[in-house]
Structures are given as structure tokens and as C-alpha cells.
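Have a look at the structure below, then the notes.
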Amino acid sequence: MGSAGKHIVNNGGNFARRVFPPSLLLFLAFVPGIVSGDAGPVPGDSTRGVQVTREVPFVRGSIFEIRTLHSSRPTQTREGRAIHSHRITRRPGEGTPIAPSAPSLAPTTLSSGEVAVPIAPLAPVLSDTFQGLVNPPHGRDVIPPNAMGAAGPFHLVALPVSDFGVFDKATGALLQSVPLDEFWANLVTDGPADFPFDTRVLFDQHSGRFVAVALDCTVNPNSWLMIAVSATDNALGTWNKWAIDADMDGTVKTLNYADFPGVGIDAHNLYVAANMFQGTAAPRYQYSKVWVIPKAQLLAGQAPDLTWTEFPDPPGSRSTMQPAHIFGSSSAEYILFEDWNVNATHLLLATIDNVTGTPVWHPPSAVAVAPYVQSFDLFRDLGKDAPQAGENRGIDTADTRLWNAVLRNGFLWATHHVGAGGKTEAAWYRIDPAASSVSAQGRISDPARWYYFPSIAVNQDDVAAIGFSGSSSAEYAGGYYTILRPPFGAAEPVALLKSGEDSYFKEFGTGVNRWGDLSATTVDPTDNVTFWTIQEYAWGRDPVRGVSRWALWWGKFRPSDVTAPSGLTATVSPGPQVVLTWTDRSGNEAGFQIERRRLPGEDYAAIASVAPDGTTFTDNTSTGLLEGFLYSYRIQAFNADGGSYTAEAFATTAAPPPPPSSGGGGCLAITPSSGKSGDASSVLSMLILFLPAAVYGWKRYLHH
């Protein structure tokens with residue numbers, strides 16, 4: 001039975017179903033006004049979209065009703081599920097990747113002629129931080145989780161591919177959660193509805209509503225684009241949900257299914273772009289498709305008929321396109337994506353205008369960016385995955401696709417991670433869409449740590465925040481963040497959000513240790529200044545089954561005017577003790593807080609305070625310092641208005657002396673320099689050579 005005509009309403013537990021036969025649906029498709037496109041030419045290669053009006057599946061209900069409806073549903077036991085990762089196959093003649101060169105730490109000359117000059121290190125202190133949703137129990141396990149979330153006035157909504165959860169923004173308490181398939185249940189009943197994936201959620205500041213998107217089913221021809229919109233700004237209240245038949249191009253049923261949606265929004269429409277694939281054993285990319293859905297009907301909870309505009313394979317489109325989340329007013333929507341060039345020197349920027357009528361797609365223009373090696377598989381092109389402590393098998397970092405885009409204050413921001421110097425680093429861009437040119441750009445890198453799966457947000461003051469994952473051979477995989485301030489010379493020192501707690505390997509027979517695919521960084525709508533980020537980290541192992549687990553972590557921060565010290569160094573001497581020295585640059589602090597963590601898996605903790613204008617501190621056994629470990633230090637400068645962090649400084653204390661029969665002993669003094677400006681935020685690579693590998697290897701062996 002054709003599912004395009006199915007209409008299910010869940011309102012207070014009452015259901016009504018109307019099922020139309022396929023013959024009637026085919027007749028309705030050709031009735032004037034059901035599917036139509038505006039007549040008349042458009043200039044050049046521009047394309048006017050095909051307008052579609054169709055009865056679609058619809059569900060209305062709150063999270064409390066969902067829990068009530070499914071409280072008696074038996075728990076489904078199944079093997080761990082890996083969300084598919086469809087990499088775009090490089091087409092013949094598109095070249096062979098070249099080995100990336102080492103990044104330069106010198107100031108970068110931008111295409112606009114401006115010079116990117118490093119600025120003061122002011123990485124903001126977290127004002128709130130807490131655990132988000134965690135790896136579901138055996139039978140519902142899934143990878144990768146998609147660290148996806150959004151902040152509203154009162155709630156934080158988390159939407160990984162495992163669950164839908166609502167957190168109290170003030171306390172961090174988890175108020176309600178349901179499995180993701182139950183959140184979408186009864187919307188698509190022959191999908192199957194227990195296979196939602198590729199989740200996205202954002203808070204639409206124009207309407208004060210949460211908007212969620214997911215895809216359902218990769219079995220032709222049952223691909224669905226699912227949309228949920230909260231009835232108010234209360235995430236615990238009613239949600240209206242629709243399902244659009246993604247494998248229908250206008251009135252034509254295809255054998256293609258949608259994958260990896262990009263989501264944007266403005267004052268008028270919701271924009272969704274997706275990669276369309278065909279085949280199951282060996283998926284083949286066919287084209288990309290864009291849906292433009294007027295918001296008025298979504299905000300009104302309109303059903304069962306829904307109207308939208310489709311652009312199947314519009315001119316110049318490519319895979320994995322990212323529509324922009326637009327703040328303020330704009331006469332057009334912008335869609336940013338990679339070109340198919342191995343040695344990439346530009347991004348592509350397409351435009352959709354006439355956003356209050358029948359939208360028109362304008363082919364992309366090239367935006368020149370700092371060269372990078374485009375990759376459809378970073379493991380293949382770099383020859384390895386991201387390293388992690390305690391595990392020879394690395395973490396999959398996917399490819400170089402753009403992960404999100406934001407338009408604010410007249411500029412378009414985007415981020416992704418790229419290969420450089422034999423590892424990955426986060427690249428960011430600030431683009432003038434009117435001129436199709438970059439006004440500022442940069443990389444967030446580290447000599448040893450890999451950064452991957454970044455997300456970006458911009459506040460009303462034109463400050464950008466970027467959150468991302470990171471790991472190294474001396475650290476477990478965890479979450480990090482930083483900010484960019486005008487004039488956007490370089491990112492400020494990277495700050496730790498949450499350290500990984502263990503090594504991580506989870507592949508469910510696929511052979512790929514999946515991580516990501518997404519993270520989320522967003523602006524708090526209550527002040528339009530504060531940021532929230534939600535990132536993935538390697539959670540402690542399952543105490544019963546001993547398997548790796550992931551979890552998500554929330555962090556809240558805002559730019560601070562407290563100037564952090566510079567030139568932090570850590571010098572080891574016997575004892576053990578570590579002497580920290582720094583330069584006080586401002587005098588506007590009320591004091592300094594000394595923070596320390598032990599690698600590979602501890603978070604920072606305060607160990608002492610120093611009076612304002614202080615420039616040195618000696619750490620020793622009185623604060624718990626031990627022999628034979630690698631430590632990281634940072635200094636927080638604080639006053640009543642907030643605080644900011646220095647870059648990290650690392651120190652390895654000498655190993656304990658061997659038993660007398662072994663003969664000998666000694667110590668190692670290391671004085672790394674972490675005062676170098678720019679995006680390279682640590683000198684961890686200098687210390688890897690001195691890491692007491694035998695101690696760590698024996699520790700990890702016993703742990704496993």
C-alpha cells in the first residue's frame with residue numbers, strides 16, 4: 001500500500017487514519033495546484049523549483065504522551081547498529097590526492113589582503129558543564145552518535161541517533177528522554193520507523209521554536225525526510241511532525257534514498273539538502289536535492305496537506321551541501337559546499353532567492369580559500385586514523401565535508417576539518433556572500449593532537465565559537481572548544497570541554513571505528529552572547545560487558561574581558577615538583593587559579609590560587625603530584641565578570657627510581673614553551689618522545 005497518502009494524528013492519545021489508494025494519489029498528483037511550478041523563464045542557468053502540495057503522514061504529541069504510549073512496548077534486543085557512512089566516490093579523471101604539507105605557523109595573508117595576526121589568548125572559562133545523553137544499553141547501541149543539540153530559552157534539546165532528550169538549561173538535569181525511534185513512532189509505520197538516522201536540531205530564533213530533522217530508511221523506495229517542530233518554545237510540550245517521501249522527485253517515484261541532510265532556516269523557510277543514493281550493496285551517489293518548506297504551515301501545525309519546493313540535482317550542485325542558519329533578515333538563502341577538486345582552492349556558494357514566493361536556485365560561485373587536500377576518506381589520504389591513548393587502532397575522522405554554516409551580521413561562517421601535516425585540524429571561514437570572497441579564515445591545529453568534527457556558531461557581537469573533538473597518542477578522545485574575535489586573526493587557545501575517560505573502539509563488524517559524525521555549537525537565545533556546545537567523548541567502559549562506550553557533554557561559556565597570562569611554561573625538577581611561570585599582561589584579574597590534569601584521561605581540577613599580578617607557582621606532592629606521569633597545566637585569570645584560560649603547558653615527572661638491584665635512577669627535566677601565538681595551542685608533540693611508554697603500556701594492559 002502506498003504510504004504517501006497516510007495520515008496519522010496523535011492528539012491526546014486519539015488516532016485517526018485515512019489511507020488513500022495509489023490510483024487516487026496518482027490522479028491527485030496531476031490535478032492543477034497539487035503539483036505545480038511557476039511559469040516563466042529564469043535568467044541564465046538559474047532554476048525555478050518545482051512546487052509540490054501533497055498529503056503527508058502527520059503526528060502530533062508531547063514527549064509525555066510518547067512515553068505513555070510506549071511504556072508497555074517490549075524492549076527490542078538487537079546487535080549494535082552502525083549508521084551507514086556513505087562516502088562519495090571520486091569520479092574518474094578527478095585526480096589523485098597529494099601528500100599534505102606541514103602547516104605554517106606564520107601569519108596568513110588572506111585573499112582580501114588582510115594579515116591574520118595572532119591575538120590575545122582569552123579562551124573563555126566554562127560557566128556550566130555537565131554530562132548529556134549517554135551510550136544506550138545493549139540492544140539499542142548505535143554508532144556514530146551524532147552529538148547534536150540546541151539551546152532554547154529554558155531547555156536544551158539533545159538529538160543524537162539514539163534518543164531524544166530535554167535538559168533543564170539552568171540546572172543541567174535531564175527532564176525527559178525517549179528512544180529516537182519512539183520520538184518518531186507512528187509517523188512512518190512502514191519505513192521501517194525504527195531506523196531514524198542523521199539527526200539535526202536547531203532553535204529557530206525567528207519563531208521561538210525548536211526544529212528537528214531526521215531521515216528514515218535506506219531501503220528503496222521507502223526513504224523519508226522527517227520534520228518535527230515544537231508548538232512553543234517549551235521542548236516538553238507538543239511537537240508537530242511530518243514525513244516527506246524523499247524518493248519522490250515531484251510526481252516521479254525514484255529508486256533513490258536520502259542521506260546526510262544539511263539544515264538551514266531563515267524567517268520564511270526551512271531548507272534541507274541531502275545526498276541521494278541508489279543501491280544497497282554498493283551505494284552509488286546520484287545527485288543532491290534541496291527542499292524549501294515554508295515555515296508558516298509548520299508553525300501552525302498544518303495537516304494533512306503540506307506544500308514545499310524541490311530542487312532535484314540543481315545546476316552546479318555537489319554532494320553534502322550545507323544551507324545556512326540565518327540570523328536577521330536576508331533576501332536569499334546561501335548554501336555552501338565543496339567542489340570536486342583533489343587539490344581544493346575554493347568552496348562553492350549557491351544562492352536561493354525569491355524566498356517568499358516560488359524559490360529560484362542560482363548556480364554556485366567559487367569562493368577562494370586557503371588550499372587544502374579534499375578527501376572523501378581521510379584515513380585513505382592520511383594513511384591513518386586519529387590516534388588515541390591506550391589503543392593502537394585509531395578513530396575514523398570521515399572526510400572533509402563542511403559540517404554546518406551560519407549567516408550573521410552579513411557574513412557566512414562555516415567549518416570543517418582537513419588533513420595537514422599528517423593529521424587533521426579544524427578549518428574555519430568567514431565569507432562575504434555579496435562578494436563571494438573570504439574576509440577571514442584560519443586553522444585550529446596542534447603539533448600532536450588531532451581535531452575533528454567541528455561546529456560553529458556566531459553571537460550578536462560577531463564573536464564565533466567552535467567546538468570539536470580531539471585526541472592524541474597521549475590522550476583519550478574528548479571534547480574541546482575555542483572562540484574567534486574580531487579582527488579574526490587567529491583562534492584563541494583551545495580549551496578542554498571534557499576529557500575522554502578510556503580508549504575507544506566500537507565498529508560492530510564494519511571495520512571502521514566510527515566517531516562523530518556531527519557536533520553542535522549554538523548561541524543561547526536569551527542573551528545572544530553566551531554559547532553552548534555539545535561534544536562527544538569516550539566514556540568509561542561498560543562495567544559488565546567491558547565494551548567501549550560514548551557519551552555526550554554540554555558546556556556553556558561566554559567571551560571574557562579578563563586577559564589571561566601568556567608564556568606559560570612548566571619545568572620539572574626532582575621531588576617531584578613542577579615550576580610554573582607566566583607573564584601577567586593586564587592586571588585586571590582578581591587572581592589566578594592553577595589547574596592541572598593528568599593524561600591520558602583526567603579533567604582539569606583546581607589545585608591552587610595565586611594572588612593578582614603573580615607570575616609563578618610550584619606544584620609538588622602536597623597537591624597530589626606523582627612521579628612518572630604526563631601532566632597538563634593551565635592558568636585561569638578571573639574576576640567578578642568571568643575568566644579566561646592560558647594555553648596548555650605540559651610536563652612529565654620523572655619515573656620512580658628502580659629497585660636497588662636494578663642499579664641507577666635519575667630524572668628528566670623538560671621545559672616546553674607554550675607561549676607561541678596563533679592556532680597551535682600546545683607543545684604536546686615535544687613531549688611524546690619522552691613519554692614513559694612502558695609505564696602506560698603496562699597500565700593499559702592491566703586495565704584491559
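Chain labels A, B, ... are given in the sequence in which chains occur in the C-alpha cells; within each chain residues are numbered consecutively from 1, and ligands are likewise numbered from 1 in the order shown.
Residues within 6 Å of Thr351 (chain A), counting only C-alpha atoms and excluding same-chain residues fewer than 6 positions away, are Glu333, Tyr334, Trp361 and His362 of chain A.
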Give the strand (DSSP E) residues of region 146-298 of chain A, as assigned by DSSP on the backbone, as a ChimeraX atom specification.
-> /A:149-151,155-158,163-168,174-179,196-204,209-216,224-230,238-245,248-249,252-253,256-265,269-278,284-294
Point out the residue among A:Arg408, A:Arg549, A:Lys423, A:Arg81 with the least atom-to-atom distance to Gly383 (chain A), counting only C-alpha atoms.
->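 So, comparing all the options, the nearest one is A:Lys423.
Secondary structure by DSSP on the backbone puts the following residues of region 362-396 of chain A in helix (DSSP H, G or I): Leu378, Phe379, Arg380, Asp381 and Leu382 of chain A.
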Would you export the selected residues with C-alpha atoms as a PDB file, in the first residue's frame, please?
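The new file out-v1.pdb reads:
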```
ATOM      1  CA  LEU A 378      40.793  10.911   5.377  1.00  0.00           C
ATOM      2  CA  PHE A 379      42.049   7.521   6.528  1.00  0.00           C
ATOM      3  CA  ARG A 380      42.993   6.636   2.969  1.00  0.00           C
ATOM      4  CA  ASP A 381      44.567  10.014   2.218  1.00  0.00           C
ATOM      5  CA  LEU A 382      46.421  10.423   5.532  1.00  0.00           C
TER       6      LEU A 382
END
```
Excluding Pro612 (chain A) and any residue of its chain fewer than 2 positions from it, enumerate the residues within 7 Å of it, using only C-alpha atoms, and give them as a list in words.
->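 Near neighbours after the sequence-gap exclusion: Glu589, Ala590, Gly591, Phe592, Val610 and Gly614 of chain A.
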Serialized selection, N, CA, C and O atoms, as a PDB file, in the first residue's frame:
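Listed below is the output, out.pdb:
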```pdb
ATOM      1  N   GLU A 589      42.809  41.138  36.568  1.00  0.00           N
ATOM      2  CA  GLU A 589      42.311  39.936  37.213  1.00  0.00           C
ATOM      3  C   GLU A 589      42.227  40.138  38.719  1.00  0.00           C
ATOM      4  O   GLU A 589      42.955  40.947  39.303  1.00  0.00           O
ATOM      5  N   ALA A 590      41.316  39.368  39.345  1.00  0.00           N
ATOM      6  CA  ALA A 590      41.251  39.343  40.808  1.00  0.00           C
ATOM      7  C   ALA A 590      42.200  38.298  41.371  1.00  0.00           C
ATOM      8  O   ALA A 590      42.453  38.269  42.576  1.00  0.00           O
ATOM      9  N   GLY A 591      42.688  37.421  40.494  1.00  0.00           N
ATOM     10  CA  GLY A 591      43.613  36.377  40.899  1.00  0.00           C
ATOM     11  C   GLY A 591      43.769  35.354  39.807  1.00  0.00           C
ATOM     12  O   GLY A 591      43.142  35.447  38.737  1.00  0.00           O
ATOM     13  N   PHE A 592      44.622  34.369  40.075  1.00  0.00           N
ATOM     14  CA  PHE A 592      44.857  33.281  39.128  1.00  0.00           C
ATOM     15  C   PHE A 592      44.511  31.956  39.793  1.00  0.00           C
ATOM     16  O   PHE A 592      44.830  31.746  40.977  1.00  0.00           O
ATOM     17  N   VAL A 610      46.557  31.898  43.104  1.00  0.00           N
ATOM     18  CA  VAL A 610      47.677  32.825  43.216  1.00  0.00           C
ATOM     19  C   VAL A 610      47.110  34.235  43.195  1.00  0.00           C
ATOM     20  O   VAL A 610      46.157  34.531  42.457  1.00  0.00           O
ATOM     21  N   GLY A 614      50.625  37.804  40.253  1.00  0.00           N
ATOM     22  CA  GLY A 614      51.585  36.725  40.458  1.00  0.00           C
ATOM     23  C   GLY A 614      52.103  36.197  39.129  1.00  0.00           C
ATOM     24  O   GLY A 614      51.445  36.305  38.090  1.00  0.00           O
TER      25      GLY A 614
END
```
Just the residues within 8 Å of Lys498 (chain A), please, counting only C-alpha atoms, with nothing from its chain fewer than 6 positions along; format it as a PyMOL selection string.
-> chain A and resi 478-480+537+553+603
Residue nearest Ala158 (chain A) among A:Gly139, A:Gly44, A:Gly540, A:Gly132 (counting only C-alpha atoms) | A:Gly132
Find, counting only C-alpha atoms, the residue in A:Asp524, A:Gly49, A:Asp396, A:Ala332 that gets nearest to Gly208 (chain A).
->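 Going through A:Asp524, A:Gly49, A:Asp396, A:Ala332 one by one, the smallest distance to Gly208 (chain A) is for A:Asp524.
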Can I get the residues of region 167-261 of chain A within 6 Å of region 265-274 of chain A, each with the closest pair of atoms and their distance in Å to one decimal, using only C-alpha atoms, sorted chain first then ascending number, as CSV?
```
residue,atom,partner,partner_atom,distance
A:His206,CA,A:Ala267,CA,5.6
A:Ala258,CA,A:Ala274,CA,5.7
A:Asp259,CA,A:Ala274,CA,5.6
A:Phe260,CA,A:Ala274,CA,5.7
A:Pro261,CA,A:Ala274,CA,4.4
```
Using only C-alpha atoms, which residues sit within 12 Å of Ile88 (chain A) once same-chain residues fewer than 6 positions away are excluded, as a PyMOL selection string?
-> chain A and resi 259-260+275-277+282-288+318-320+338+340+374-377+398-401
Suppose we keep N, CA and C atoms; can you now write the selection as a PDB file, in the first residue's frame?
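Saved to selection_9.pdb:
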```
ATOM      1  N   ASP A 259      20.374  10.811   2.190  1.00  0.00           N
ATOM      2  CA  ASP A 259      21.415  10.566   3.186  1.00  0.00           C
ATOM      3  C   ASP A 259      22.054  11.886   3.586  1.00  0.00           C
ATOM      4  N   PHE A 260      22.434  11.998   4.834  1.00  0.00           N
ATOM      5  CA  PHE A 260      23.182  13.112   5.415  1.00  0.00           C
ATOM      6  C   PHE A 260      22.576  14.475   5.068  1.00  0.00           C
ATOM      7  N   ASN A 275      22.082  14.148   0.204  1.00  0.00           N
ATOM      8  CA  ASN A 275      22.694  13.351  -0.854  1.00  0.00           C
ATOM      9  C   ASN A 275      21.746  12.222  -1.217  1.00  0.00           C
ATOM     10  N   MET A 276      21.543  12.008  -2.496  1.00  0.00           N
ATOM     11  CA  MET A 276      20.646  10.953  -2.961  1.00  0.00           C
ATOM     12  C   MET A 276      21.479   9.793  -3.506  1.00  0.00           C
ATOM     13  N   PHE A 277      21.235   8.600  -2.938  1.00  0.00           N
ATOM     14  CA  PHE A 277      21.978   7.400  -3.310  1.00  0.00           C
ATOM     15  C   PHE A 277      21.034   6.371  -3.919  1.00  0.00           C
ATOM     16  N   ALA A 282      26.234  -1.701  -2.867  1.00  0.00           N
ATOM     17  CA  ALA A 282      27.293  -0.750  -3.213  1.00  0.00           C
ATOM     18  C   ALA A 282      26.628   0.577  -3.538  1.00  0.00           C
ATOM     19  N   PRO A 283      26.294   1.374  -2.516  1.00  0.00           N
ATOM     20  CA  PRO A 283      25.550   2.615  -2.759  1.00  0.00           C
ATOM     21  C   PRO A 283      26.279   3.529  -3.735  1.00  0.00           C
ATOM     22  N   ARG A 284      25.534   4.078  -4.636  1.00  0.00           N
ATOM     23  CA  ARG A 284      26.097   4.969  -5.642  1.00  0.00           C
ATOM     24  C   ARG A 284      25.443   6.338  -5.518  1.00  0.00           C
ATOM     25  N   TYR A 285      26.271   7.338  -5.380  1.00  0.00           N
ATOM     26  CA  TYR A 285      25.769   8.706  -5.310  1.00  0.00           C
ATOM     27  C   TYR A 285      25.183   9.095  -6.659  1.00  0.00           C
ATOM     28  N   GLN A 286      23.960   9.654  -6.639  1.00  0.00           N
ATOM     29  CA  GLN A 286      23.289  10.055  -7.864  1.00  0.00           C
ATOM     30  C   GLN A 286      23.313  11.572  -8.061  1.00  0.00           C
ATOM     31  N   TYR A 287      22.848  12.307  -7.053  1.00  0.00           N
ATOM     32  CA  TYR A 287      22.788  13.763  -7.119  1.00  0.00           C
ATOM     33  C   TYR A 287      22.410  14.274  -5.735  1.00  0.00           C
ATOM     34  N   SER A 288      22.396  15.572  -5.592  1.00  0.00           N
ATOM     35  CA  SER A 288      21.935  16.177  -4.345  1.00  0.00           C
ATOM     36  C   SER A 288      20.609  16.886  -4.582  1.00  0.00           C
ATOM     37  N   ARG A 318      26.585  19.846  -5.707  1.00  0.00           N
ATOM     38  CA  ARG A 318      27.522  18.773  -5.417  1.00  0.00           C
ATOM     39  C   ARG A 318      27.009  18.033  -4.184  1.00  0.00           C
ATOM     40  N   SER A 319      27.795  17.127  -3.702  1.00  0.00           N
ATOM     41  CA  SER A 319      27.390  16.359  -2.532  1.00  0.00           C
ATOM     42  C   SER A 319      27.570  17.166  -1.255  1.00  0.00           C
ATOM     43  N   THR A 320      26.797  16.804  -0.246  1.00  0.00           N
ATOM     44  CA  THR A 320      26.943  17.296   1.126  1.00  0.00           C
ATOM     45  C   THR A 320      26.908  18.815   1.195  1.00  0.00           C
ATOM     46  N   GLU A 338      31.692  21.840  -0.862  1.00  0.00           N
ATOM     47  CA  GLU A 338      32.959  21.618  -1.547  1.00  0.00           C
ATOM     48  C   GLU A 338      32.737  21.405  -3.043  1.00  0.00           C
ATOM     49  N   TRP A 340      34.432  19.353  -6.434  1.00  0.00           N
ATOM     50  CA  TRP A 340      35.117  18.072  -6.588  1.00  0.00           C
ATOM     51  C   TRP A 340      36.502  18.322  -7.159  1.00  0.00           C
ATOM     52  N   GLN A 374      41.247  18.007  -0.665  1.00  0.00           N
ATOM     53  CA  GLN A 374      39.901  17.485  -0.450  1.00  0.00           C
ATOM     54  C   GLN A 374      39.968  15.967  -0.351  1.00  0.00           C
ATOM     55  N   SER A 375      39.215  15.431   0.576  1.00  0.00           N
ATOM     56  CA  SER A 375      39.257  13.992   0.794  1.00  0.00           C
ATOM     57  C   SER A 375      37.852  13.444   0.959  1.00  0.00           C
ATOM     58  N   PHE A 376      37.599  12.305   0.330  1.00  0.00           N
ATOM     59  CA  PHE A 376      36.370  11.554   0.577  1.00  0.00           C
ATOM     60  C   PHE A 376      36.619  10.447   1.598  1.00  0.00           C
ATOM     61  N   ASP A 377      37.869  10.330   2.057  1.00  0.00           N
ATOM     62  CA  ASP A 377      38.217   9.342   3.067  1.00  0.00           C
ATOM     63  C   ASP A 377      39.570   9.741   3.653  1.00  0.00           C
ATOM     64  N   ALA A 398      36.328  10.427   9.063  1.00  0.00           N
ATOM     65  CA  ALA A 398      35.441  10.653   7.912  1.00  0.00           C
ATOM     66  C   ALA A 398      36.158  11.403   6.792  1.00  0.00           C
ATOM     67  N   ASP A 399      35.618  12.556   6.366  1.00  0.00           N
ATOM     68  CA  ASP A 399      36.143  13.245   5.192  1.00  0.00           C
ATOM     69  C   ASP A 399      36.158  14.743   5.438  1.00  0.00           C
ATOM     70  N   THR A 400      36.325  15.523   4.367  1.00  0.00           N
ATOM     71  CA  THR A 400      36.493  16.975   4.517  1.00  0.00           C
ATOM     72  C   THR A 400      35.216  17.757   4.244  1.00  0.00           C
ATOM     73  N   ARG A 401      34.065  17.118   4.262  1.00  0.00           N
ATOM     74  CA  ARG A 401      32.809  17.823   4.021  1.00  0.00           C
ATOM     75  C   ARG A 401      32.606  18.944   5.051  1.00  0.00           C
TER      76      ARG A 401
END
```
Å distance separating CA of Tyr429 (chain A) from CA of Thr397 (chain A), one decimal place |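 That distance, rounded to one decimal, is 20.0 Å.
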To one decimal place, how far is CA of Ile293 (chain A) from CA of Arg60 (chain A) in Å?
-> 18.5 Å
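Taking only C-alpha atoms into account, Pro323 (chain A) lies nearest to A:Ala350 out of the set A:Val523, A:Ala350, A:Ala212, A:Ile594.
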Correct to one decimal, the distance CA of Asn234 (chain A)-CA of Leu202 (chain A) is 13.6 Å
Which one of A:Gln593, A:Thr218, A:Ser436, A:Ser622 sits closest to Ser609 (chain A) if you count only C-alpha atoms?
-> A:Gln593
Using only C-alpha atoms, which residue out of A:Gly328, A:Pro454, A:Gly642, A:Gly165 lies closest to Thr424 (chain A)?
->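 Of A:Gly328, A:Pro454, A:Gly642, A:Gly165, the one nearest Thr424 (chain A) is A:Pro454, counting only C-alpha atoms.
When the distance limit is 12 Å and only C-alpha atoms are what count, the residues near Ser127 (chain A), minus those fewer than 3 positions from it on the same chain, are Pro124, Phe130, Ala170, Thr171, Gly172, Leu497, Thr530, Phe531, Trp532, Trp554, Gly555, Lys556, Phe557, Arg558, Pro559, Ser560, Phe638, Asp641, Gly642, Gly643 and Ser644 of chain A.
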Write the residues you've just listed into a file as a JSON list (two decimals), in the first residue's frame, and include N, CA, C and O atoms for each of them.
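selection23.json, written as the output of this step:
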```json
[["chain", "number", "residue", "atom", "x", "y", "z"],
["A", 124, "PRO", "N", 37.60, 31.40, 26.84],
["A", 124, "PRO", "CA", 36.70, 31.64, 27.98],
["A", 124, "PRO", "C", 36.53, 30.42, 28.87],
["A", 124, "PRO", "O", 36.58, 29.28, 28.41],
["A", 130, "PHE", "N", 28.14, 19.76, 32.05],
["A", 130, "PHE", "CA", 27.54, 18.56, 32.60],
["A", 130, "PHE", "C", 27.36, 17.51, 31.50],
["A", 130, "PHE", "O", 27.40, 17.82, 30.31],
["A", 170, "ALA", "N", 19.02, 25.55, 33.25],
["A", 170, "ALA", "CA", 19.55, 26.19, 34.45],
["A", 170, "ALA", "C", 20.28, 25.22, 35.36],
["A", 170, "ALA", "O", 21.26, 25.59, 36.01],
["A", 171, "THR", "N", 19.82, 23.97, 35.41],
["A", 171, "THR", "CA", 20.39, 23.01, 36.37],
["A", 171, "THR", "C", 21.18, 21.90, 35.70],
["A", 171, "THR", "O", 21.95, 21.21, 36.37],
["A", 172, "GLY", "N", 20.98, 21.68, 34.40],
["A", 172, "GLY", "CA", 21.62, 20.57, 33.73],
["A", 172, "GLY", "C", 20.92, 19.25, 33.92],
["A", 172, "GLY", "O", 21.38, 18.21, 33.43],
["A", 497, "LEU", "N", 36.85, 20.82, 26.99],
["A", 497, "LEU", "CA", 35.48, 20.71, 27.46],
["A", 497, "LEU", "C", 35.32, 19.49, 28.36],
["A", 497, "LEU", "O", 34.84, 19.58, 29.49],
["A", 530, "THR", "N", 26.04, 34.30, 24.91],
["A", 530, "THR", "CA", 26.57, 33.07, 25.50],
["A", 530, "THR", "C", 26.48, 31.92, 24.50],
["A", 530, "THR", "O", 25.53, 31.83, 23.72],
["A", 531, "PHE", "N", 27.46, 31.01, 24.57],
["A", 531, "PHE", "CA", 27.49, 29.84, 23.70],
["A", 531, "PHE", "C", 27.25, 28.57, 24.50],
["A", 531, "PHE", "O", 27.61, 28.47, 25.68],
["A", 532, "TRP", "N", 26.66, 27.59, 23.82],
["A", 532, "TRP", "CA", 26.59, 26.21, 24.29],
["A", 532, "TRP", "C", 27.24, 25.33, 23.23],
["A", 532, "TRP", "O", 27.10, 25.58, 22.04],
["A", 554, "TRP", "N", 27.78, 18.64, 27.63],
["A", 554, "TRP", "CA", 27.39, 20.02, 27.38],
["A", 554, "TRP", "C", 28.37, 20.98, 28.05],
["A", 554, "TRP", "O", 28.85, 20.70, 29.14],
["A", 555, "GLY", "N", 28.61, 22.11, 27.42],
["A", 555, "GLY", "CA", 29.41, 23.16, 28.03],
["A", 555, "GLY", "C", 28.85, 24.52, 27.67],
["A", 555, "GLY", "O", 28.37, 24.73, 26.55],
["A", 556, "LYS", "N", 28.89, 25.46, 28.63],
["A", 556, "LYS", "CA", 28.38, 26.81, 28.44],
["A", 556, "LYS", "C", 29.52, 27.80, 28.70],
["A", 556, "LYS", "O", 30.24, 27.66, 29.70],
["A", 557, "PHE", "N", 29.69, 28.78, 27.84],
["A", 557, "PHE", "CA", 30.74, 29.77, 28.03],
["A", 557, "PHE", "C", 30.39, 31.05, 27.29],
["A", 557, "PHE", "O", 29.57, 31.05, 26.38],
["A", 558, "ARG", "N", 31.00, 32.15, 27.70],
["A", 558, "ARG", "CA", 30.81, 33.42, 27.03],
["A", 558, "ARG", "C", 32.14, 34.14, 26.97],
["A", 558, "ARG", "O", 33.00, 33.95, 27.83],
["A", 559, "PRO", "N", 32.35, 34.97, 25.95],
["A", 559, "PRO", "CA", 33.62, 35.70, 25.85],
["A", 559, "PRO", "C", 33.88, 36.51, 27.11],
["A", 559, "PRO", "O", 32.97, 37.10, 27.69],
["A", 560, "SER", "N", 35.13, 36.55, 27.52],
["A", 560, "SER", "CA", 35.52, 37.26, 28.74],
["A", 560, "SER", "C", 36.50, 38.37, 28.39],
["A", 560, "SER", "O", 37.31, 38.25, 27.46],
["A", 638, "PHE", "N", 40.86, 35.37, 36.58],
["A", 638, "PHE", "CA", 39.44, 35.55, 36.87],
["A", 638, "PHE", "C", 39.20, 36.85, 37.61],
["A", 638, "PHE", "O", 40.08, 37.40, 38.28],
["A", 641, "ASP", "N", 33.56, 39.24, 36.73],
["A", 641, "ASP", "CA", 32.83, 39.17, 35.47],
["A", 641, "ASP", "C", 33.10, 37.90, 34.68],
["A", 641, "ASP", "O", 32.50, 37.68, 33.63],
["A", 642, "GLY", "N", 34.03, 37.06, 35.13],
["A", 642, "GLY", "CA", 34.31, 35.84, 34.39],
["A", 642, "GLY", "C", 35.77, 35.48, 34.45],
["A", 642, "GLY", "O", 36.50, 35.90, 35.36],
["A", 643, "GLY", "N", 36.20, 34.71, 33.47],
["A", 643, "GLY", "CA", 37.58, 34.27, 33.46],
["A", 643, "GLY", "C", 38.00, 33.81, 32.09],
["A", 643, "GLY", "O", 37.18, 33.63, 31.18],
["A", 644, "SER", "N", 39.33, 33.61, 31.93],
["A", 644, "SER", "CA", 39.86, 33.11, 30.67],
["A", 644, "SER", "C", 41.09, 32.27, 30.95],
["A", 644, "SER", "O", 41.74, 32.41, 32.00]]
```
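Once Val369 (chain A) and its same-chain neighbours fewer than 2 positions away are set aside, A:Ser111, A:Thr345, A:His346, A:Leu347, A:Val367, A:Pro371, A:Val438, A:Gln441 remain within 8 Å of it when counting only C-alpha atoms.
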